[in-house]
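Engineer: See run_16.txt below, with compact mmCIF, C-alpha atoms.
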# COMPACT_ATOMS: atom_id res chain seq x y z
CA MET A 203 -38.65 13.76 32.12
CA SER A 204 -37.59 10.47 33.67
CA LEU A 205 -34.24 9.78 35.32
CA LYS A 206 -33.14 7.78 32.31
CA ASP A 207 -33.94 10.66 29.94
CA THR A 208 -32.24 13.17 32.24
CA VAL A 209 -29.02 11.16 32.35
CA CYS A 210 -29.07 10.62 28.62
CA TYR A 211 -29.81 14.30 28.05
CA VAL A 212 -26.67 15.23 30.03
CA VAL A 213 -24.57 12.81 27.97
CA VAL A 214 -25.99 14.18 24.74
CA PHE A 215 -25.57 17.77 25.91
CA ASP A 216 -21.92 17.19 26.73
CA THR A 217 -20.91 15.43 23.57
CA ASP A 218 -23.12 16.50 20.69
CA LEU A 219 -22.63 20.11 19.71
CA ALA A 220 -25.25 20.04 16.99
CA GLN A 221 -28.00 18.73 19.19
CA CYS A 222 -27.29 20.99 22.15
CA VAL A 223 -27.34 24.05 19.93
CA ASP A 224 -30.33 23.24 17.79
CA ASN A 225 -32.83 21.42 20.00
CA LEU A 226 -32.40 20.78 23.67
CA GLN A 227 -34.07 17.41 23.85
CA PRO A 228 -32.93 13.83 23.32
CA CYS A 229 -34.79 13.34 20.06
CA CYS A 230 -32.59 10.77 18.39
CA PHE A 231 -33.09 7.88 20.75
CA ASN A 232 -35.36 6.07 18.32
CA THR A 233 -33.04 6.49 15.35
CA GLU A 234 -33.89 4.07 12.57
CA TRP A 235 -31.58 2.87 9.84
CA TYR A 236 -33.21 5.13 7.25
CA HIS A 237 -31.91 8.09 9.27
CA LEU A 238 -28.33 6.99 8.59
CA ALA A 239 -27.72 8.97 5.39
CA LEU A 240 -28.65 12.39 6.76
CA GLN A 241 -29.07 12.57 10.54
CA VAL A 242 -26.49 10.08 11.78
CA THR A 243 -23.89 10.97 9.14
CA ASN A 244 -24.37 14.63 10.00
CA LYS A 245 -23.33 13.87 13.58
CA GLY A 246 -20.28 12.00 12.34
CA ILE A 247 -19.37 14.99 10.19
CA CYS A 248 -19.86 17.38 13.10
CA TRP A 249 -17.61 15.33 15.39
CA ALA A 250 -15.03 14.94 12.63
CA ALA A 251 -14.90 18.75 12.33
CA LEU A 252 -14.50 19.17 16.10
CA ASN A 253 -11.80 16.49 16.32
CA GLY A 254 -10.06 17.99 13.30
CA PHE A 255 -9.96 21.42 14.95
CA ALA A 256 -8.63 19.79 18.13
CA LEU A 257 -5.90 18.05 16.12
CA THR A 258 -5.03 21.40 14.55
CA GLN A 259 -4.35 22.85 17.99
CA LEU A 260 -2.59 19.85 19.53
CA PRO A 261 0.78 19.80 17.67
CA GLY A 262 1.47 23.46 18.51
CA LEU A 263 0.79 22.76 22.17
CA LEU A 264 3.06 19.72 22.18
CA ALA A 265 5.79 21.72 20.41
CA ARG A 266 5.58 24.43 23.10
CA MET A 267 5.86 21.79 25.82
CA TYR A 268 8.81 20.24 24.02
CA ASN A 269 10.44 23.67 23.80
CA ALA A 270 10.08 24.11 27.56
CA VAL A 271 12.00 20.90 28.24
CA TYR A 272 14.39 20.57 25.33
CA SER A 273 15.86 23.05 22.85
CA ASP A 274 13.77 25.58 20.92
CA SER A 275 14.66 24.14 17.52
CA LEU A 276 12.48 22.52 14.90
CA SER A 277 15.16 20.10 13.75
CA ASP A 278 15.46 18.56 17.24
CA LYS A 279 11.78 17.66 17.44
CA PRO A 280 10.56 14.13 16.65
CA LYS A 281 9.73 13.43 13.02
CA MET A 282 6.09 12.68 13.84
CA LEU A 283 5.66 16.03 15.59
CA ARG A 284 7.26 17.88 12.65
CA TRP A 285 4.88 16.07 10.30
CA ALA A 286 1.89 17.04 12.47
CA LEU A 287 3.08 20.66 12.63
CA GLY A 288 3.40 20.71 8.85
CA ILE A 289 -0.19 19.65 8.12
CA ARG A 290 -1.91 21.85 10.73
CA LYS A 291 -3.17 24.40 8.22
CA HIS A 292 -4.46 21.73 5.86
CA VAL A 293 -6.26 19.79 8.60
CA GLY A 294 -7.80 23.03 9.86
CA LEU A 295 -9.09 23.98 6.44
CA LEU A 296 -10.50 20.50 5.86
CA SER A 297 -12.19 20.70 9.27
CA LEU A 298 -13.72 23.99 8.19
CA TRP A 299 -15.01 22.23 5.10
CA PHE A 300 -16.56 19.48 7.27
CA LEU A 301 -18.15 22.18 9.44
CA PHE A 302 -19.60 23.87 6.35
CA ILE A 303 -21.12 20.56 5.21
CA HIS A 304 -22.52 20.04 8.71
CA VAL A 305 -24.21 23.45 8.66
CA ILE A 306 -25.72 22.78 5.22
CA MET A 307 -26.99 19.34 6.25
CA ARG A 308 -28.35 20.68 9.52
CA TYR A 309 -30.21 23.42 7.68
CA ASP A 310 -31.56 20.81 5.29
CA GLN A 311 -32.89 18.75 8.21
CA SER A 312 -34.61 21.74 9.76
CA LEU A 313 -36.64 22.50 6.62
CA MET B 1302 19.32 37.19 -30.01
CA LEU B 1303 17.16 34.08 -30.02
CA HIS B 1304 14.55 32.80 -32.48
CA CYS B 1305 11.75 30.94 -30.80
CA THR B 1306 8.88 29.01 -32.35
CA ILE B 1307 5.75 27.80 -30.63
CA VAL B 1308 4.31 24.65 -32.18
CA GLY B 1309 0.54 24.57 -31.66
CA THR B 1310 -2.24 27.10 -31.83
CA GLY B 1311 -4.15 26.31 -28.64
CA ASP B 1312 -4.68 28.29 -25.45
CA MET B 1313 -1.14 27.80 -24.11
CA SER B 1314 0.30 29.06 -27.37
CA HIS B 1315 -2.09 32.02 -27.29
CA GLY B 1316 -1.12 32.79 -23.67
CA LEU B 1317 2.60 32.79 -24.41
CA ALA B 1318 2.11 34.94 -27.51
CA HIS B 1319 0.04 37.35 -25.39
CA LEU B 1320 2.87 37.58 -22.84
CA TYR B 1321 5.39 38.14 -25.62
CA SER B 1322 3.38 40.98 -27.13
CA ASN B 1323 3.11 42.68 -23.72
CA ASN B 1324 6.56 42.09 -22.25
CA ASN B 1325 9.10 41.60 -25.03
CA ASN B 1326 12.23 43.64 -24.52
CA LYS B 1327 12.93 44.89 -28.06
CA PHE B 1328 16.59 45.58 -27.27
CA ALA B 1329 17.14 41.84 -26.69
CA LEU B 1330 16.26 41.28 -30.39
CA ASN B 1331 14.46 38.03 -29.68
CA THR B 1332 11.78 36.87 -32.08
CA LEU B 1333 8.77 34.63 -31.66
CA GLU B 1334 6.68 32.79 -34.23
CA VAL B 1335 3.73 30.44 -34.04
CA THR B 1336 3.33 27.44 -36.30
CA LYS B 1337 1.95 23.95 -36.58
CA PRO B 1338 2.18 21.17 -39.19
CA GLY B 1339 0.05 21.74 -42.24
CA ILE B 1340 -0.41 25.45 -41.65
CA THR B 1341 -0.67 27.69 -44.72
CA THR B 1342 -0.27 31.38 -44.06
CA THR B 1343 -2.80 33.62 -45.70
CA PRO B 1344 -1.27 36.97 -46.58
CA THR B 1345 -3.74 39.76 -46.09
CA GLY B 1346 -1.92 41.98 -48.55
CA LYS B 1347 1.42 42.61 -50.17
CA ASN B 1348 4.39 42.12 -47.80
CA GLN B 1349 2.07 41.19 -44.94
CA THR B 1350 1.83 37.96 -43.00
CA ALA B 1351 -0.99 36.54 -40.92
CA MET B 1352 -0.90 37.38 -37.20
CA PHE B 1353 -1.79 35.03 -34.39
CA HIS B 1354 -4.87 36.33 -32.47
CA ASN B 1355 -3.91 40.02 -32.82
CA THR B 1356 -0.83 39.48 -30.66
CA GLY B 1357 1.58 40.73 -33.30
CA VAL B 1358 3.22 37.30 -33.40
CA PRO B 1359 3.43 36.01 -36.98
CA LEU B 1360 1.86 32.72 -38.01
CA VAL B 1361 4.47 31.02 -40.18
CA ARG B 1362 4.71 27.85 -42.27
CA PHE B 1363 5.94 24.91 -40.24
CA LYS B 1364 9.17 23.99 -42.02
CA GLU B 1365 10.32 27.60 -42.50
CA SER B 1366 9.73 28.43 -38.87
CA ILE B 1367 11.37 25.33 -37.40
CA THR B 1368 14.42 25.69 -39.68
CA ARG B 1369 15.35 29.14 -38.35
CA ALA B 1370 14.36 28.51 -34.71
CA ASP B 1371 16.80 28.09 -31.82
CA ILE B 1372 14.10 27.18 -29.31
CA VAL B 1373 10.98 25.16 -30.15
CA ILE B 1374 8.17 25.25 -27.59
CA LEU B 1375 6.00 22.17 -28.08
CA ALA B 1376 2.59 23.45 -26.98
CA ILE B 1377 0.75 20.37 -28.19
CA PRO B 1378 -1.21 17.73 -26.24
CA ALA B 1379 0.93 15.22 -24.35
CA VAL B 1380 -0.62 12.27 -26.21
CA ALA B 1381 0.56 13.73 -29.53
CA LEU B 1382 4.12 14.41 -28.37
CA LYS B 1383 5.56 11.00 -29.22
CA SER B 1384 4.20 10.85 -32.77
CA PHE B 1385 5.11 14.50 -33.43
CA VAL B 1386 8.73 14.19 -32.30
CA SER B 1387 9.31 10.91 -34.13
CA GLU B 1388 7.73 12.26 -37.33
CA HIS B 1389 9.76 15.51 -37.37
CA PHE B 1390 12.89 14.26 -35.60
CA GLU B 1391 15.31 15.31 -38.36
CA LEU B 1392 14.06 18.91 -38.19
CA LEU B 1393 14.04 19.05 -34.40
CA ARG B 1394 17.24 17.23 -33.46
CA ASP B 1395 19.55 20.30 -33.36
CA LYS B 1396 16.99 22.55 -31.61
CA ILE B 1397 16.29 23.18 -27.95
CA LEU B 1398 12.90 21.56 -27.32
CA VAL B 1399 10.64 22.85 -24.56
CA ASP B 1400 8.11 20.49 -23.01
CA VAL B 1401 5.07 22.30 -21.55
CA THR B 1402 2.86 19.25 -21.09
CA ASN B 1403 1.35 17.91 -17.87
CA SER B 1404 0.75 14.23 -18.24
CA ALA B 1405 0.52 11.73 -15.40
CA VAL B 1406 1.10 8.89 -17.88
CA ARG B 1407 4.63 7.51 -17.79
CA GLY B 1408 6.46 8.02 -21.11
CA GLU B 1409 4.34 10.92 -22.36
CA ASP B 1410 7.03 13.57 -21.97
CA LEU B 1411 10.24 14.68 -23.67
CA SER B 1412 12.39 13.32 -20.87
CA SER B 1413 11.33 9.78 -21.77
CA LEU B 1414 11.28 10.35 -25.53
CA CYS B 1415 14.74 11.94 -25.75
CA ARG B 1416 16.51 9.81 -23.16
CA LEU B 1417 18.57 7.87 -25.68
CA THR B 1418 19.23 10.78 -28.04
CA ASP B 1419 21.42 13.89 -27.91
CA VAL B 1420 18.43 16.25 -28.21
CA GLU B 1421 18.51 19.15 -25.75
CA TRP B 1422 15.22 19.54 -23.90
CA VAL B 1423 13.85 21.72 -21.11
CA LYS B 1424 10.78 21.17 -18.96
CA ALA B 1425 9.21 24.60 -18.62
CA PHE B 1426 5.93 26.57 -18.48
CA ASN B 1427 4.02 23.46 -17.37
CA ASP B 1428 3.27 24.96 -13.95
CA ILE B 1429 1.38 27.98 -15.30
CA GLY B 1430 -2.11 27.99 -16.77
CA ALA B 1431 -3.10 29.50 -20.09
CA VAL B 1432 -5.87 31.50 -18.38
CA ASP B 1433 -3.36 33.14 -16.03
CA LEU B 1434 -1.20 34.10 -19.00
CA LEU B 1435 -4.11 35.48 -21.01
CA LEU B 1436 -5.38 37.52 -18.05
CA HIS B 1437 -1.97 39.03 -17.30
CA LYS B 1438 -2.20 42.78 -17.85
CA PRO B 1439 0.56 44.64 -19.72
CA TYR B 1440 0.65 47.31 -16.98
CA SER B 1441 0.76 44.78 -14.13
CA LYS B 1442 3.61 45.21 -11.64
CA SER B 1443 3.76 41.47 -10.96
CA ARG B 1444 5.63 38.98 -13.11
CA VAL B 1445 4.59 35.45 -13.95
CA ALA B 1446 6.69 33.05 -11.84
CA THR B 1447 7.68 29.67 -13.20
CA THR B 1448 10.15 26.83 -12.72
CA MET B 1449 12.36 25.13 -15.28
CA CYS B 1450 14.28 21.89 -15.25
CA SER B 1451 16.78 20.35 -17.66
CA PRO B 1452 19.85 18.12 -17.58
CA ASN B 1453 21.52 20.50 -20.07
CA LYS B 1454 22.72 23.73 -18.43
CA LYS B 1455 23.28 25.62 -21.67
CA ALA B 1456 19.80 24.88 -23.00
CA LEU B 1457 18.29 25.77 -19.65
CA GLY B 1458 20.15 29.09 -19.61
CA LEU B 1459 18.95 30.03 -23.10
CA VAL B 1460 15.30 29.21 -22.41
CA GLN B 1461 15.51 31.06 -19.10
CA HIS B 1462 17.02 34.08 -20.85
CA PHE B 1463 14.23 34.06 -23.45
CA ALA B 1464 11.51 33.69 -20.80
CA GLU B 1465 12.89 36.58 -18.75
CA GLU B 1466 13.61 38.95 -21.63
CA SER B 1467 10.61 38.25 -23.88
CA PHE B 1468 7.88 36.81 -21.63
CA GLY B 1469 8.79 38.96 -18.61
CA MET B 1470 8.80 35.94 -16.30
CA ILE B 1471 10.61 35.19 -13.06
CA VAL B 1472 12.34 31.85 -13.51
CA LYS B 1473 13.60 29.47 -10.86
CA ASN B 1474 15.86 26.62 -11.90
CA VAL B 1475 15.12 23.22 -10.41
CA PRO B 1476 17.88 20.58 -10.36
CA PRO B 1477 17.34 17.58 -12.69
CA SER B 1478 17.10 15.26 -9.69
CA ARG B 1479 13.76 16.93 -8.87
CA TYR B 1480 12.39 16.52 -12.39
CA TYR B 1481 9.50 14.32 -11.22
CA ASP B 1482 8.23 17.04 -8.84
CA VAL B 1483 8.26 19.64 -11.63
CA ALA B 1484 6.55 17.29 -14.11
CA MET B 1485 3.84 16.31 -11.63
CA HIS B 1486 3.31 19.88 -10.41
CA GLN B 1487 -0.31 20.10 -11.59
CA ASN B 1488 -1.10 16.41 -11.17
CA SER B 1489 -0.80 16.23 -7.41
CA PHE B 1490 -2.33 18.06 -4.46
CA GLY B 1491 0.99 18.00 -2.68
CA GLU B 1492 2.21 15.75 0.10
CA GLN B 1493 0.77 17.79 2.97
CA TRP B 1494 -2.72 17.98 1.49
CA VAL B 1495 -2.74 14.25 0.80
CA HIS B 1496 -1.68 13.49 4.39
CA ALA B 1497 -4.25 15.93 5.79
CA MET B 1498 -7.00 14.36 3.67
CA TRP B 1499 -6.13 10.86 4.90
CA THR B 1500 -6.05 12.13 8.49
CA MET B 1501 -9.50 13.71 8.18
CA LEU B 1502 -10.83 10.63 6.39
CA VAL B 1503 -9.70 8.37 9.26
CA ILE B 1504 -11.22 10.76 11.82
CA PHE B 1505 -14.49 10.85 9.90
CA ALA B 1506 -14.56 7.04 9.57
CA CYS B 1507 -14.11 6.72 13.35
CA THR B 1508 -16.75 9.31 14.21
CA GLU B 1509 -19.20 7.88 11.67
CA LEU B 1510 -18.72 4.40 13.11
CA TYR B 1511 -19.27 5.77 16.61
CA ALA B 1512 -22.43 7.61 15.48
CA ILE B 1513 -23.81 4.44 13.87
CA LEU B 1514 -23.11 2.39 16.98
CA ARG B 1515 -24.54 5.05 19.23
CA TYR B 1516 -27.70 6.00 17.38
CA ASN B 1517 -28.58 3.02 15.19
CA VAL B 1518 -27.30 0.12 17.29
CA PHE B 1519 -27.65 1.41 20.87
CA LYS B 1520 -30.53 3.76 20.02
CA GLY B 1521 -29.02 7.00 21.25
CA TYR B 1522 -27.55 5.99 24.62
CA GLY B 1523 -23.95 5.89 23.55
CA MET B 1524 -21.29 3.29 24.22
CA LEU B 1525 -20.60 4.41 27.80
CA CYS B 1526 -24.18 4.57 29.06
CA CYS B 1527 -25.58 1.51 27.31
CA SER B 1528 -26.35 0.09 30.76
CA PHE B 1529 -29.25 2.56 30.92
CA ARG B 1530 -31.02 0.73 28.10
CA TYR B 1531 -34.35 -0.41 29.50
What do you get writing this file as structure tokens?

Structural biologist:
Amino acid sequence: MSLKDTVCYVVVFDTDLAQCVDNLQPCCFNTEWYHLALQVTNKGICWAALNGFALTQLPGLLARMYNAVYSDSLSDKPKMLRWALGIRKHVGLLSLWFLFIHVIMRYDQSL
Amino acid sequence: MLHCTIVGTGDMSHGLAHLYSNNNNKFALNTLEVTKPGITTTPTGKNQTAMFHNTGVPLVRFKESITRADIVILAIPAVALKSFVSEHFELLRDKILVDVTNSAVRGEDLSSLCRLTDVEWVKAFNDIGAVDLLLHKPYSKSRVATTMCSPNKKALGLVQHFAEESFGMIVKNVPPSRYYDVAMHQNSFGEQWVHAMWTMLVIFACTELYAILRYNVFKGYGMLCCSFRY
């Protein structure tokens, strides 16, 4: 493995959950446009699920930090934060749906 | 003591008749009939009337039933509501009309049709499905929960009384200012789901764009390490 491949492998390992779990080699470096529908979109779906789960956690954390500084009351919090707290469950469930699609597509690729 | 008539013989009508047969409090002396225009009852014998789907609710001729009714539940398709009400307006004008339809089309509800008249109307039973009603067991401990909305307090009270005493429902009154939310109850996912869907769609669009740039354009090296390209 060359230095270039090693560096790229580390980048891929850090960022792409699907690839680091399923096959520990940088196999997608020669991705062609006909891979877009399944392989590349599957990565987008995977990252969307991860970012969605992160967004599910974030408003609660910000609310706790806000409570530590200001009052422990929902009505005092900024409107944006209240909105984000209100849709946490829905974003989490939609992220779970994205994750389910990712698993199905990943299984389809491995056949 | 209230006389109620359901216009229509579809699933919603069947579901309400099923609830009535299971939950009617006989001491309240309420009665329920099912009818629709053009119906001709077929007596099965002397002094017997036809029953609606073995629910014990009689199937009665349209004019007879409407004439003696206090409450008329219009369990007909929303598209037929306008023509039905205008055609039988003289019969219906002194009754309490109940709108059970769920139409997203503006003007296809009793609120729009009766706006310029003195007809009393109530929006009710539109947030419950016929399947839920038909599957409700007579020995079930739970009650069917529903919301009602009307600008007329007296009409709302009477329909609520009938629903609680004869259908065994739990009724929550919604103020007329929130009529749109009640009418669109089954036509919208709800504000939070819509916002969550847009949020996830934006996230997916960003990640998909990044994946395309990374794998198809920069051939797998990513935006940050594109300097390693050959």

Engineer: Which neighbours of Ile1367 (chain B) fall inside 9 Å, counting all atoms listed in the file, when residues of the same chain fewer than 5 positions from it are skipped, and could you give them as a PyMOL selection string?

Structural biologist: chain B and resi 1305-1306+1308+1336+1362+1372-1373+1392-1393+1396

Engineer: How far is it from CA of Ile1374 (chain B) to CA of Val1460 (chain B), in Å with one decimal?

Structural biologist: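 Computing it gives 9.7 Å between the two atoms.
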
Engineer: So that I can see what lies close to Phe1363 (chain B), please list as a list in words the residues with an atom at most 9 Å from it, counting all atoms listed in the file and leaving out residues fewer than 4 positions away in the same chain.

Structural biologist: Val1308, Val1335, Thr1336, Lys1337, Pro1338, Gly1339, Ile1340, Thr1341, Ile1367 and Thr1368 of chain B

Engineer: Could you check which of B:Tyr1480, B:Glu1465, B:Asn1517, B:Lys1442 is closest to Leu1411 (chain B), using only C-alpha atoms?

Structural biologist: B:Tyr1480

Engineer: Counting all atoms listed in the file, what are the residues of region 223-312 of chain A within 6 Å of region 1491-1501 of chain B, and for each of them which pair of atoms is the nearest and at what distance in Å, to one decimal? Sort the table by chain and rising number, as CSV.

Structural biologist:
residue,atom,partner,partner_atom,distance
A:Ile289,CA,B:Gln1493,CA,5.6
A:His292,CA,B:Ala1497,CA,5.8
A:Val293,CA,B:Ala1497,CA,5.2

Engineer: Nearest to Trp1422 (chain B) among B:Ala1464, B:Met1313, B:Leu1434, B:Met1449, with distances taken over all atoms listed in the file: which residue is it?

Structural biologist: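 Closest to Trp1422 (chain B) of all the choices is B:Met1449.
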
Engineer: Quick one: pull the distance between CA of Ala250 (chain A) and CA of His237 (chain A), Å, one decimal.

Structural biologist: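 CA of His237 (chain A) lies 18.5 Å from CA of Ala250 (chain A).
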
Engineer: Up to 12 Å from (11.2, 24.0, 18.0) in the file's coordinates: name the residues, counting all atoms listed in the file, as a PyMOL selection string.

Structural biologist: chain A and resi 261-281+283-284+287

Engineer: Taking all atoms of region 254-261 of chain A that appear in the file, build a box with edges along x, y and z, extend it by 3 Å on every side, and state its centre and edge lengths in Å to one decimal, as JSON.

Structural biologist:
{"center_x": -4.6, "center_y": 20.4, "center_z": 16.4, "size_x": 16.8, "size_y": 10.9, "size_z": 12.2}

Engineer: Using only C-alpha atoms, which protein or nucleic acid residues come within 10 Å of Val305 (chain A)? Drop anything in the same chain fewer than 6 positions from it, and give the result as a list in words.

Structural biologist: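 The contact residues come out as Ala220, Asn244, Ile247, Cys248, Trp299 and Gln311 of chain A.
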
Engineer: Find the distance between CA of Val1399 (chain B) and CA of Ile1307 (chain B) and write it in Å to one decimal.

Structural biologist: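 The value is 9.2 Å.
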
Engineer: Would you please work out which residue, of A:Leu252, A:Leu295, A:Val242, A:Leu257, is nearest to chain B when using only C-alpha atoms?

Structural biologist: A:Val242

Engineer: Of the candidates A:Leu238, A:Ile303, A:Met282, A:Leu260, which one gets nearest to chain B if we count all atoms listed in the file?

Structural biologist: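 The answer is A:Leu238, which sits nearest to chain B.
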